[in-house]
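A.B. asks: The file below is start-v7.cif, mmCIF, C-alpha atoms:
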```cif
data_input
#
loop_
_atom_site.label_atom_id
_atom_site.label_comp_id
_atom_site.auth_asym_id
_atom_site.auth_seq_id
_atom_site.Cartn_x
_atom_site.Cartn_y
_atom_site.Cartn_z
CA MET A 1 125.10 101.63 151.56
CA SER A 2 121.49 102.79 151.34
CA LEU A 3 119.62 102.14 148.09
CA VAL A 4 117.75 105.47 148.34
CA LYS A 5 119.06 108.84 149.48
CA PHE A 6 118.25 112.54 149.30
CA ALA A 7 120.66 114.68 147.30
CA PHE A 8 119.55 117.88 149.02
CA GLY A 9 122.32 118.81 151.45
CA LEU A 10 122.71 121.13 154.39
CA GLY A 11 126.12 122.48 153.50
CA SER A 12 125.16 126.12 152.98
CA ALA A 13 122.96 128.81 154.48
CA THR A 14 120.77 128.79 151.36
CA GLU A 15 119.99 125.10 151.74
CA LEU A 16 119.18 125.57 155.42
CA LEU A 17 116.79 128.41 154.56
CA VAL A 18 115.08 126.27 151.91
CA LEU A 19 114.61 123.42 154.39
CA LEU A 20 113.29 125.84 157.00
CA GLY A 21 110.85 127.24 154.43
CA ILE A 22 109.60 123.74 153.62
CA LEU A 23 109.02 122.92 157.30
CA LEU A 24 107.24 126.24 157.94
CA GLY A 25 105.07 125.72 154.85
CA LEU A 26 104.00 122.26 155.98
CA ALA A 27 103.32 123.54 159.48
CA GLY A 28 101.20 126.32 158.01
CA LEU A 29 99.14 123.89 155.94
CA VAL A 30 98.45 121.79 159.03
CA ALA A 31 97.55 124.80 161.15
CA LEU A 32 95.42 126.59 158.52
CA PRO A 33 92.29 124.38 158.77
CA ILE A 34 92.39 124.57 162.56
CA LEU A 35 92.65 128.36 162.48
CA ARG A 36 89.87 128.65 159.90
CA ARG A 37 87.56 126.52 162.03
CA THR A 38 88.37 128.55 165.15
CA PHE A 39 87.73 131.90 163.41
CA ARG A 40 84.54 130.54 161.81
CA GLN A 41 83.15 129.47 165.17
CA LYS A 42 84.03 132.84 166.74
CA GLY A 43 82.44 134.69 163.80
CA ARG A 44 79.20 132.73 164.06
CA ALA A 45 79.06 133.22 167.80
CA SER A 46 79.21 136.98 167.28
CA PHE A 47 76.00 136.83 165.21
CA GLY A 48 73.98 134.82 167.70
CA ASP A 49 73.41 131.24 168.64
CA PRO A 50 76.18 129.23 166.87
CA GLU A 51 73.92 126.25 166.16
CA LEU A 52 71.18 128.41 164.63
CA VAL A 53 73.64 130.42 162.57
CA SER A 54 75.20 127.17 161.29
CA ARG A 55 71.79 126.07 160.01
CA LEU A 56 71.22 129.38 158.24
CA VAL A 57 74.67 129.57 156.62
CA ARG A 58 75.02 127.41 153.54
CA GLY A 59 78.28 125.52 153.73
CA GLY A 60 79.87 122.45 152.30
CA ASP A 61 79.94 119.04 153.77
CA PRO A 62 82.60 118.84 156.54
CA LEU A 63 83.82 115.51 155.15
CA VAL A 64 84.40 117.07 151.74
CA ARG A 65 86.33 119.92 153.31
CA ARG A 66 88.48 117.43 155.16
CA ILE A 67 89.15 115.49 151.97
CA LYS A 68 90.15 118.66 150.11
CA ALA A 69 92.41 119.73 152.97
CA ALA A 70 94.02 116.29 152.99
CA LEU A 71 94.62 116.54 149.21
CA VAL A 72 96.35 119.92 149.63
CA LEU A 73 98.47 118.68 152.53
CA ALA A 74 99.46 115.48 150.72
CA GLY A 75 100.35 117.50 147.62
CA ALA A 76 102.49 119.86 149.68
CA ILE A 77 104.30 116.94 151.32
CA ALA A 78 104.94 115.34 147.92
CA PHE A 79 106.28 118.67 146.62
CA ALA A 80 108.58 118.97 149.65
CA VAL A 81 109.90 115.46 149.02
CA ALA A 82 110.59 116.42 145.39
CA LEU A 83 112.59 119.45 146.57
CA LEU A 84 114.76 117.15 148.69
CA ARG A 85 115.73 115.33 145.44
CA PRO A 86 115.30 111.64 146.26
CA GLN A 87 117.72 109.39 144.39
CA ALA A 88 117.94 105.63 143.89
CA LYS A 89 121.12 103.63 143.45
CA SER A 90 121.26 102.29 139.90
CA GLY A 91 124.73 100.74 139.86
CA THR A 92 128.38 101.70 139.59
CA LYS A 93 130.42 103.47 136.95
CA LEU A 94 134.14 103.14 136.27
CA LEU A 95 135.91 106.48 135.93
CA PRO A 96 139.04 106.40 133.77
CA ALA A 97 142.32 107.63 135.21
CA THR A 98 142.94 111.36 134.80
CA THR A 99 146.10 112.28 132.97
CA LEU A 100 148.57 114.49 134.82
CA ASP A 101 150.35 117.27 132.89
CA VAL A 102 153.50 118.66 134.52
CA ILE A 103 155.62 121.55 133.26
CA VAL A 104 158.98 121.89 135.00
CA VAL A 105 160.18 125.50 135.12
CA LEU A 106 163.89 125.31 135.92
CA ASP A 107 166.12 128.25 136.81
CA PHE A 108 169.32 128.37 134.70
CA SER A 109 170.77 131.56 136.13
CA LYS A 110 174.51 131.35 136.91
CA SER A 111 173.82 131.32 140.64
CA MET A 112 172.60 127.76 140.08
CA TYR A 113 176.28 126.76 139.81
CA ALA A 114 176.50 127.23 143.60
CA ARG A 115 177.67 124.12 145.46
CA ASP A 116 175.67 124.18 148.67
CA VAL A 117 173.80 121.29 147.02
CA LEU A 118 176.13 118.60 145.63
CA PRO A 119 177.56 118.41 143.07
CA ASP A 120 175.97 121.81 142.40
CA ARG A 121 172.46 123.25 142.31
CA ILE A 122 171.80 122.88 138.60
CA SER A 123 173.28 119.39 138.27
CA ARG A 124 171.32 118.17 141.26
CA ALA A 125 168.12 119.73 139.90
CA LYS A 126 168.61 117.96 136.56
CA LEU A 127 169.04 114.61 138.32
CA GLU A 128 165.89 115.13 140.37
CA VAL A 129 163.90 116.20 137.29
CA ALA A 130 164.93 112.91 135.65
CA GLU A 131 163.72 111.09 138.77
CA LEU A 132 160.44 113.00 138.66
CA VAL A 133 159.87 111.86 135.07
CA LYS A 134 160.72 108.27 135.99
CA GLU A 135 158.37 108.18 138.99
CA LEU A 136 155.34 109.44 137.04
CA PRO A 137 154.79 107.02 134.16
CA GLY A 138 151.81 107.95 132.03
CA ALA A 139 152.05 111.66 132.83
CA ARG A 140 152.87 114.26 130.18
CA PHE A 141 155.70 116.70 130.67
CA GLY A 142 156.73 120.07 129.35
CA ALA A 143 159.80 122.20 130.12
CA VAL A 144 160.71 125.84 130.56
CA ALA A 145 164.37 126.81 131.06
CA PHE A 146 164.88 130.40 132.10
CA ALA A 147 167.32 133.03 133.24
CA GLY A 148 166.66 136.55 131.92
CA GLU A 149 164.49 135.07 129.14
CA PRO A 150 162.64 131.71 129.08
CA MET A 151 162.91 128.89 126.54
CA SER A 152 160.40 126.07 126.31
CA PHE A 153 159.77 122.49 125.23
CA PRO A 154 156.10 121.61 124.49
CA LEU A 155 154.11 118.98 126.35
CA THR A 156 154.92 115.42 125.40
CA SER A 157 154.25 111.88 126.62
CA ASP A 158 157.98 111.19 126.22
CA GLY A 159 159.23 112.24 129.65
CA ALA A 160 162.76 111.14 128.78
CA ALA A 161 162.85 113.86 126.13
CA ILE A 162 162.26 116.48 128.83
CA ALA A 163 165.08 115.14 130.97
CA GLN A 164 167.35 115.15 127.90
CA TYR A 165 166.31 118.72 127.05
CA PHE A 166 167.47 119.95 130.45
CA ARG A 167 170.69 117.90 130.32
CA GLN A 168 171.73 119.67 127.11
CA ILE A 169 171.49 123.16 128.65
CA ASP A 170 173.79 124.90 131.11
CA PRO A 171 173.57 128.35 132.73
CA ASN A 172 176.38 129.51 130.43
CA ASP A 173 174.13 128.77 127.42
CA MET A 174 171.46 131.27 128.45
CA PRO A 175 171.61 134.35 126.22
CA ILE A 176 170.46 136.81 128.89
CA GLY A 177 171.29 136.66 132.59
CA GLY A 178 168.84 137.28 135.39
CA THR A 179 165.90 135.53 137.03
CA ALA A 180 162.71 136.28 135.10
CA ILE A 181 160.31 134.06 137.06
CA ALA A 182 157.13 135.86 135.94
CA ARG A 183 157.97 135.46 132.24
CA ALA A 184 158.87 131.80 132.78
CA LEU A 185 155.59 131.06 134.56
CA GLU A 186 153.64 132.91 131.89
CA LEU A 187 155.30 130.84 129.19
CA ALA A 188 154.38 127.64 131.08
CA ARG A 189 150.79 128.87 131.36
CA GLN A 190 150.70 129.49 127.62
CA LEU A 191 152.03 125.98 126.93
CA PHE A 192 149.00 124.61 128.76
CA ALA A 193 146.65 127.02 126.98
CA ARG A 194 147.95 126.05 123.54
CA ASP A 195 147.65 122.32 124.18
CA PRO A 196 144.07 121.15 123.37
CA LYS A 197 144.27 118.13 125.70
CA SER A 198 145.41 119.98 128.80
CA LYS A 199 142.02 121.47 129.62
CA ASP A 200 140.77 117.96 130.48
CA HIS A 201 143.87 117.01 132.50
CA GLU A 202 145.22 117.79 135.94
CA ARG A 203 147.78 120.59 135.45
CA VAL A 204 150.80 121.32 137.63
CA ILE A 205 153.72 123.72 137.20
CA VAL A 206 156.85 122.87 139.19
CA LEU A 207 159.05 125.96 139.65
CA VAL A 208 162.66 125.29 140.70
CA THR A 209 164.65 128.43 141.46
CA ASP A 210 167.17 130.00 143.83
CA GLY A 211 166.25 133.64 143.24
CA GLU A 212 163.56 136.27 143.20
CA ASP A 213 162.04 138.13 140.28
CA LEU A 214 163.03 141.81 140.38
CA GLU A 215 161.43 142.65 137.02
CA GLY A 216 157.95 141.12 136.78
CA ASP A 217 155.15 140.01 139.09
CA PRO A 218 155.05 136.20 139.40
CA VAL A 219 152.25 136.37 141.98
CA LYS A 220 149.99 137.96 139.38
CA VAL A 221 150.73 135.09 136.98
CA ALA A 222 150.00 132.65 139.81
CA GLU A 223 146.59 134.28 140.28
CA GLN A 224 145.78 133.66 136.62
CA CYS A 225 146.94 130.05 136.93
CA GLN A 226 144.69 129.57 139.93
CA LEU A 227 141.68 130.85 137.95
CA GLU A 228 142.47 128.36 135.20
CA GLY A 229 142.83 125.44 137.61
CA THR A 230 146.61 125.12 137.33
CA ARG A 231 148.62 124.45 140.49
CA ILE A 232 152.13 125.76 141.10
CA ASP A 233 154.55 123.91 143.36
CA VAL A 234 157.72 125.83 144.22
CA VAL A 235 161.13 124.37 145.04
CA GLN A 236 163.29 127.02 146.74
CA ILE A 237 167.01 126.30 146.54
CA GLY A 238 169.21 128.25 148.93
CA GLY A 239 168.12 130.87 151.42
CA ARG A 240 169.41 133.72 153.55
CA THR A 241 172.95 132.35 153.80
CA ALA A 242 175.29 133.86 151.22
CA GLU A 243 176.72 131.17 148.95
CA PRO A 244 179.71 131.85 146.64
CA ILE A 245 179.00 131.44 142.93
CA PRO A 246 181.59 129.35 141.08
CA GLU A 247 183.02 130.36 137.71
CA VAL A 248 182.51 127.54 135.21
CA ASP A 249 184.01 127.46 131.73
CA ASP A 250 182.32 126.32 128.52
CA LYS A 251 183.43 122.72 129.12
CA GLY A 252 181.86 122.64 132.58
CA ASN A 253 185.12 122.88 134.50
CA PHE A 254 185.36 124.82 137.74
CA VAL A 255 187.86 127.65 137.27
CA GLY A 256 187.38 129.67 140.45
CA LEU A 257 184.79 131.97 141.95
CA ARG A 258 182.87 134.68 140.14
CA LYS A 259 183.87 138.21 141.09
CA ASP A 260 182.53 141.66 140.41
CA ARG A 261 184.48 144.54 138.89
CA GLN A 262 185.96 145.42 142.26
CA GLY A 263 187.23 141.87 142.70
CA LYS A 264 184.67 140.98 145.35
CA THR A 265 183.32 137.41 145.29
CA LEU A 266 179.74 137.22 144.02
CA THR A 267 177.30 135.30 146.21
CA SER A 268 173.79 133.89 145.90
CA GLN A 269 171.51 134.94 148.72
CA LEU A 270 167.71 135.03 148.77
CA SER A 271 166.25 138.03 150.57
CA SER A 272 163.27 137.92 152.91
CA ALA A 273 161.22 139.62 150.16
CA GLY A 274 162.28 136.89 147.73
CA GLU A 275 161.23 134.13 150.13
CA THR A 276 157.88 135.85 150.64
CA GLN A 277 157.43 136.17 146.89
CA LEU A 278 158.02 132.46 146.28
CA SER A 279 155.74 131.52 149.16
CA LYS A 280 152.94 133.68 147.73
CA VAL A 281 153.34 132.14 144.29
CA ALA A 282 152.81 128.67 145.76
CA SER A 283 149.93 129.57 148.09
CA THR A 284 148.12 131.66 145.48
CA ALA A 285 148.08 128.82 142.95
CA GLY A 286 147.16 126.16 145.52
CA GLY A 287 150.59 124.55 145.60
CA THR A 288 153.29 123.87 148.15
CA LEU A 289 156.68 125.44 148.86
CA VAL A 290 159.61 123.09 149.50
CA LYS A 291 163.09 124.26 150.52
CA SER A 292 166.35 122.49 149.74
CA ASP A 293 167.62 120.37 152.59
CA LYS A 294 170.12 117.59 153.35
CA GLY A 295 171.96 117.82 150.05
CA GLU A 296 168.82 117.74 147.88
CA THR A 297 167.04 120.51 146.04
CA GLY A 298 163.68 119.51 147.52
CA LEU A 299 162.26 118.38 144.18
CA SER A 300 162.07 114.81 145.48
CA ALA A 301 159.40 115.90 147.99
CA ILE A 302 157.30 117.29 145.12
CA THR A 303 157.81 114.01 143.25
CA LYS A 304 156.47 112.00 146.20
CA GLY A 305 153.42 114.24 146.46
CA LEU A 306 152.61 113.97 142.76
CA ARG A 307 153.12 110.20 142.80
CA ARG A 308 150.71 109.90 145.71
CA LYS A 309 148.21 112.14 143.90
CA VAL A 310 148.33 109.97 140.79
CA ARG A 311 147.89 106.80 142.83
CA GLU A 312 145.10 108.01 145.14
CA GLU A 313 143.22 110.81 143.37
CA LEU A 314 143.76 110.42 139.64
CA SER A 315 143.76 106.62 139.31
CA GLU A 316 140.92 104.62 137.82
CA ARG A 317 138.08 104.17 140.33
CA ALA A 318 134.45 103.07 140.57
CA ILE A 319 131.74 105.45 141.74
CA VAL A 320 128.09 104.85 142.65
CA VAL A 321 125.58 106.13 140.09
CA TRP A 322 122.30 107.55 141.40
CA ASP A 323 119.11 108.08 139.36
CA GLU A 324 116.96 111.12 140.11
CA LEU A 325 113.48 110.29 141.45
CA TYR A 326 112.16 113.81 142.12
CA ALA A 327 109.85 113.61 139.08
CA TYR A 328 107.63 111.03 140.81
CA PRO A 329 106.73 112.99 143.96
CA LEU A 330 106.53 116.15 141.86
CA GLY A 331 104.05 114.48 139.49
CA LEU A 332 102.03 113.20 142.47
CA ALA A 333 101.93 116.69 143.97
CA MET A 334 100.66 118.20 140.73
CA LEU A 335 98.03 115.45 140.40
CA LEU A 336 96.73 115.94 143.95
CA LEU A 337 96.56 119.71 143.59
CA LEU A 338 94.88 119.33 140.20
CA VAL A 339 92.23 117.08 141.73
CA ASP A 340 91.70 119.65 144.45
CA PHE A 341 91.26 122.54 142.03
CA ALA A 342 89.44 120.60 139.29
CA GLY A 343 85.97 120.83 140.85
CA SER A 344 84.18 123.07 143.30
CA GLU A 345 83.17 122.02 146.76
CA ARG A 346 79.54 121.87 145.66
CA GLU A 347 80.39 119.42 142.88
CA ALA A 348 82.31 117.31 145.33
CA LEU A 349 79.35 117.45 147.70
CA GLY A 350 77.03 116.30 144.94
CA LEU A 351 79.32 113.43 144.07
CA LEU A 352 79.50 112.40 147.71
CA THR A 353 75.67 112.58 148.03
CA ARG A 354 75.22 110.36 144.98
CA LEU A 355 77.65 107.84 146.39
CA ARG A 356 75.75 107.79 149.66
CA ARG A 357 72.42 107.28 147.90
CA ARG A 358 73.80 104.47 145.81
CA THR A 359 75.18 102.82 148.94
CA LYS A 360 71.83 103.08 150.72
CA LYS A 361 70.00 101.71 147.67
CA THR A 362 72.35 98.73 147.53
CA GLU A 363 71.78 98.04 151.22
CA GLY A 364 67.98 98.33 150.75
CA ASP A 365 67.98 95.88 147.88
CA ALA A 366 69.99 93.48 149.95
CA ASP A 367 67.45 93.70 152.81
CA ALA A 368 64.54 93.14 150.42
CA LYS A 369 66.05 89.95 149.17
#
```
Show how you would write the structure in this file as structure tokens.
C.D. replies:
Amino acid sequence: MSLVKFAFGLGSATELLVLLGILLGLAGLVALPILRRTFRQKGRASFGDPELVSRLVRGGDPLVRRIKAALVLAGAIAFAVALLRPQAKSGTKLLPATTLDVIVVLDFSKSMYARDVLPDRISRAKLEVAELVKELPGARFGAVAFAGEPMSFPLTSDGAAIAQYFRQIDPNDMPIGGTAIARALELARQLFARDPKSKDHERVIVLVTDGEDLEGDPVKVAEQCQLEGTRIDVVQIGGRTAEPIPEVDDKGNFVGLRKDRQGKTLTSQLSSAGETQLSKVASTAGGTLVKSDKGETGLSAITKGLRRKVREELSERAIVVWDELYAYPLGLAMLLLLVDFAGSEREALGLLTRLRRRTKKTEGDADAK
């Protein structure tokens, strides 16, 4: 790795324009003396004999003019180097691991009793939440259980407490039926907002549901989460295929299938609008959408992704530390320009004349000896 680099990049149109301006400015400074000399010669020629006019016109010493031009050009180059932000490697710094905060938002509507995922959707989801907690040691977890209204458990480092919280609840325990996804996501967002440590942590909401929100606007909540830097991963259980909803008693026993007032079996089926809604929630908040497959809810895929993120992106790592050096070429540029503007050309000519006289005197004394 190089010991010196330039921090100025070329990743945007603005940076390209700045670099182009620097190059044009340097080219102009190089071309200006040549153009001045050309116009001066043409102007003198228009008055008469150029050699005679040159004798009549009082001008500075050509050497002094060249020195002053060189000072201006060197100052401009130093200023351009300062704009490119030179940096020197000063060592390495160890970044501590970033804590991951995860809030699991789990659907407890009665359609989660459906058995297209064994033993049933809600039981399988609880098992996979427990696996999620186990696979992410060191992370903090929070919980939101929802149907028509959400209930929450605050963020804690005790992931086992979250798994136990979900194990103690069943869809029959929810006071209001329905699938209020927007309210559940908003409650999860507020849990992050109320926790003073979360603002410095990586934040992820994992939504596990088999339905769509017909009351609120979960996409709007996802937009707010995205602005706050919170990601939403969505686990979609079920799909377009109608799945019968079992009737489960208070003891958890299967007692038949749920039916409506006309005696028709109730089914769980996600509409195309519902699938689109869940997909937008995930994409808006920078997350992923996973569908249940092969007897699993799909939560295990989210677990693998988060585990990989903790291991590769959030783990402790060393980074190279660079010290800014732009002050040195900037100071040199100011010094050179200050020298150029400090005295007039006549003063510089006088100084040069005195130096020449002193040199000649020294040579004469040496010859006399």
A.B. asks: Take the point (151.5, 124.0, 131.4) as written in the file and pick out every residue within 10 Å of it, counting all atoms listed in the file; give the list as a ChimeraX atom specification.
C.D. replies: /A:101-105,140-144,154-155,185-195,198-199,202-206,225,230-232
A.B. asks: Go ahead and dump the residues you just picked, C-alpha atoms, as an mmCIF file, in the coordinates of the input.
C.D. replies:
```cif
data_model
loop_
_atom_site.group_PDB
_atom_site.id
_atom_site.type_symbol
_atom_site.label_atom_id
_atom_site.label_comp_id
_atom_site.auth_asym_id
_atom_site.auth_seq_id
_atom_site.Cartn_x
_atom_site.Cartn_y
_atom_site.Cartn_z
ATOM 1 C CA ASP A 101 150.350 117.270 132.890
ATOM 2 C CA VAL A 102 153.500 118.660 134.520
ATOM 3 C CA ILE A 103 155.620 121.550 133.260
ATOM 4 C CA VAL A 104 158.980 121.890 135.000
ATOM 5 C CA VAL A 105 160.180 125.500 135.120
ATOM 6 C CA ARG A 140 152.870 114.260 130.180
ATOM 7 C CA PHE A 141 155.700 116.700 130.670
ATOM 8 C CA GLY A 142 156.730 120.070 129.350
ATOM 9 C CA ALA A 143 159.800 122.200 130.120
ATOM 10 C CA VAL A 144 160.710 125.840 130.560
ATOM 11 C CA PRO A 154 156.100 121.610 124.490
ATOM 12 C CA LEU A 155 154.110 118.980 126.350
ATOM 13 C CA LEU A 185 155.590 131.060 134.560
ATOM 14 C CA GLU A 186 153.640 132.910 131.890
ATOM 15 C CA LEU A 187 155.300 130.840 129.190
ATOM 16 C CA ALA A 188 154.380 127.640 131.080
ATOM 17 C CA ARG A 189 150.790 128.870 131.360
ATOM 18 C CA GLN A 190 150.700 129.490 127.620
ATOM 19 C CA LEU A 191 152.030 125.980 126.930
ATOM 20 C CA PHE A 192 149.000 124.610 128.760
ATOM 21 C CA ALA A 193 146.650 127.020 126.980
ATOM 22 C CA ARG A 194 147.950 126.050 123.540
ATOM 23 C CA ASP A 195 147.650 122.320 124.180
ATOM 24 C CA SER A 198 145.410 119.980 128.800
ATOM 25 C CA LYS A 199 142.020 121.470 129.620
ATOM 26 C CA GLU A 202 145.220 117.790 135.940
ATOM 27 C CA ARG A 203 147.780 120.590 135.450
ATOM 28 C CA VAL A 204 150.800 121.320 137.630
ATOM 29 C CA ILE A 205 153.720 123.720 137.200
ATOM 30 C CA VAL A 206 156.850 122.870 139.190
ATOM 31 C CA CYS A 225 146.940 130.050 136.930
ATOM 32 C CA THR A 230 146.610 125.120 137.330
ATOM 33 C CA ARG A 231 148.620 124.450 140.490
ATOM 34 C CA ILE A 232 152.130 125.760 141.100
#
```
A.B. asks: With only C-alpha atoms as the atoms that count, which of A:Leu306, A:Leu118, A:Leu335, A:Ala163 lies nearest to Leu136 (chain A)?
C.D. replies: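 The answer is A:Leu306, which sits nearest to Leu136 (chain A).
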A.B. asks: Decode the PyMOL selection byres ((chain A and resi 244) around 6) for the given file into explicit residues and return them as a ChimeraX atom specification.
C.D. replies: /A:243,245,266-267
A.B. asks: I'd like to know which of A:Arg308, A:Lys264, A:Arg115, A:His201 is closest to Val248 (chain A), using all atoms listed in the file.
C.D. replies: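 Between A:Arg308, A:Lys264, A:Arg115, A:His201, the residue approaching Val248 (chain A) most closely is A:Arg115.
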A.B. asks: Step by step, work through what the PyMOL selection byres ((chain A and resi 214-219) around 10) selects in the shown file, and finish by giving those residues as a ChimeraX atom specification.
C.D. replies: /A:148,178-186,211-213,220-225,274,277-285
A.B. asks: Find, counting all atoms listed in the file, the residue in A:Val235, A:Leu127, A:Leu332, A:Leu84 that gets nearest to Gln164 (chain A).
C.D. replies: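 Going through A:Val235, A:Leu127, A:Leu332, A:Leu84 one by one, the smallest distance to Gln164 (chain A) is for A:Leu127.
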A.B. asks: Give the answer as one residue: which of A:Leu100, A:Ile237, A:Leu227, A:Ala27 has the shortest atom-to-atom distance to Ala125 (chain A), using only C-alpha atoms?
C.D. replies: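 Smallest distance to Ala125 (chain A) is found for A:Ile237.
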A.B. asks: Could you tell me which residues the PyMOL selection byres ((chain A and resi 299) around 12) returns for this structure, as a PyMOL selection string?
C.D. replies: chain A and resi 104-106+121-122+124-133+206-209+233-237+288-293+295-298+300-306
A.B. asks: May I ask which of the residues A:Pro175, A:Ala69, A:Lys259, A:Phe8 is the closest one to Val81 (chain A), counting only C-alpha atoms?
C.D. replies: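 Looking only at the distances to Val81 (chain A), the closest residue turns out to be A:Phe8.
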A.B. asks: Quick one, how far is CA of Ala78 (chain A) from CA of Leu337 (chain A)?
C.D. replies: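 Pair CA of Ala78 (chain A) / CA of Leu337 (chain A) returns 10.4 Å.
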A.B. asks: Using only C-alpha atoms, which of the listed residues (A:Lys309, A:Lys68, A:Lys134, A:Arg167) sits closest to Phe108 (chain A)?
C.D. replies: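 Using only C-alpha atoms, Phe108 (chain A) sits closest to A:Arg167.
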A.B. asks: Provide the CA of Ala88 (chain A) to CA of Val4 (chain A) distance in Å, to one decimal place.
C.D. replies: 4.5 Å
A.B. asks: For the atom pair CA of Tyr326 (chain A) and CA of Ala82 (chain A), what is the interatomic distance in Å to one decimal place?
C.D. replies: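 If I compute the distance from CA of Tyr326 (chain A) to CA of Ala82 (chain A), I get 4.5 Å.
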A.B. asks: Sort by chain and increasing residue number a table of all residues of region 72-179 of chain A within 12 Å of region 238-242 of chain A, each with its closest pair of atoms and their distance in Å to one decimal, counting all atoms listed in the file, and write it as CSV.
C.D. replies:
```
residue,atom,partner,partner_atom,distance
A:Ser111,CA,A:Gly238,CA,10.0
A:Met112,CA,A:Gly238,CA,9.5
A:Tyr113,CA,A:Gly238,CA,11.6
A:Ala114,CA,A:Gly238,CA,9.1
A:Arg115,CA,A:Gly238,CA,10.0
A:Asp116,CA,A:Gly238,CA,7.6
A:Val117,CA,A:Gly238,CA,8.6
A:Asp120,CA,A:Gly238,CA,11.4
A:Arg121,CA,A:Gly238,CA,8.9
A:Ile122,CA,A:Gly238,CA,11.9
```
A.B. asks: Any chance you could model N, CA and C atoms for region 254-269 of chain A and send them as an mmCIF file, in the frame of the given file?
C.D. replies:
```cif
data_model
loop_
_atom_site.group_PDB
_atom_site.id
_atom_site.type_symbol
_atom_site.label_atom_id
_atom_site.label_comp_id
_atom_site.auth_asym_id
_atom_site.auth_seq_id
_atom_site.Cartn_x
_atom_site.Cartn_y
_atom_site.Cartn_z
ATOM 1 N N PHE A 254 185.312 123.787 136.719
ATOM 2 C CA PHE A 254 185.360 124.820 137.740
ATOM 3 C C PHE A 254 186.698 125.553 137.633
ATOM 4 N N VAL A 255 186.634 126.869 137.467
ATOM 5 C CA VAL A 255 187.860 127.650 137.270
ATOM 6 C C VAL A 255 188.015 128.753 138.319
ATOM 7 N N GLY A 256 187.270 128.659 139.412
ATOM 8 C CA GLY A 256 187.380 129.670 140.450
ATOM 9 C C GLY A 256 186.022 130.189 140.875
ATOM 10 N N LEU A 257 186.031 131.365 141.497
ATOM 11 C CA LEU A 257 184.790 131.970 141.950
ATOM 12 C C LEU A 257 184.497 133.228 141.141
ATOM 13 N N ARG A 258 183.244 133.479 140.896
ATOM 14 C CA ARG A 258 182.870 134.680 140.140
ATOM 15 C C ARG A 258 183.097 135.912 141.017
ATOM 16 N N LYS A 259 183.596 136.975 140.367
ATOM 17 C CA LYS A 259 183.870 138.210 141.090
ATOM 18 C C LYS A 259 183.303 139.387 140.323
ATOM 19 N N ASP A 260 183.018 140.456 141.067
ATOM 20 C CA ASP A 260 182.530 141.660 140.410
ATOM 21 C C ASP A 260 183.706 142.506 139.938
ATOM 22 N N ARG A 261 183.423 143.696 139.445
ATOM 23 C CA ARG A 261 184.480 144.540 138.890
ATOM 24 C C ARG A 261 185.481 144.994 139.950
ATOM 25 N N GLN A 262 185.057 145.014 141.175
ATOM 26 C CA GLN A 262 185.960 145.420 142.260
ATOM 27 C C GLN A 262 186.736 144.234 142.827
ATOM 28 N N GLY A 263 186.522 143.048 142.248
ATOM 29 C CA GLY A 263 187.230 141.870 142.700
ATOM 30 C C GLY A 263 186.583 141.172 143.886
ATOM 31 N N LYS A 264 185.378 141.592 144.230
ATOM 32 C CA LYS A 264 184.670 140.980 145.350
ATOM 33 C C LYS A 264 183.911 139.742 144.880
ATOM 34 N N THR A 265 183.983 138.668 145.663
ATOM 35 C CA THR A 265 183.320 137.410 145.290
ATOM 36 C C THR A 265 181.801 137.595 145.264
ATOM 37 N N LEU A 266 181.195 137.150 144.151
ATOM 38 C CA LEU A 266 179.740 137.220 144.020
ATOM 39 C C LEU A 266 179.102 136.046 144.775
ATOM 40 N N THR A 267 178.002 136.335 145.432
ATOM 41 C CA THR A 267 177.300 135.300 146.210
ATOM 42 C C THR A 267 175.833 135.224 145.805
ATOM 43 N N SER A 268 175.235 134.092 146.101
ATOM 44 C CA SER A 268 173.790 133.890 145.900
ATOM 45 C C SER A 268 173.121 133.897 147.264
ATOM 46 N N GLN A 269 172.186 134.802 147.434
ATOM 47 C CA GLN A 269 171.510 134.940 148.720
ATOM 48 C C GLN A 269 170.086 135.430 148.476
#
```
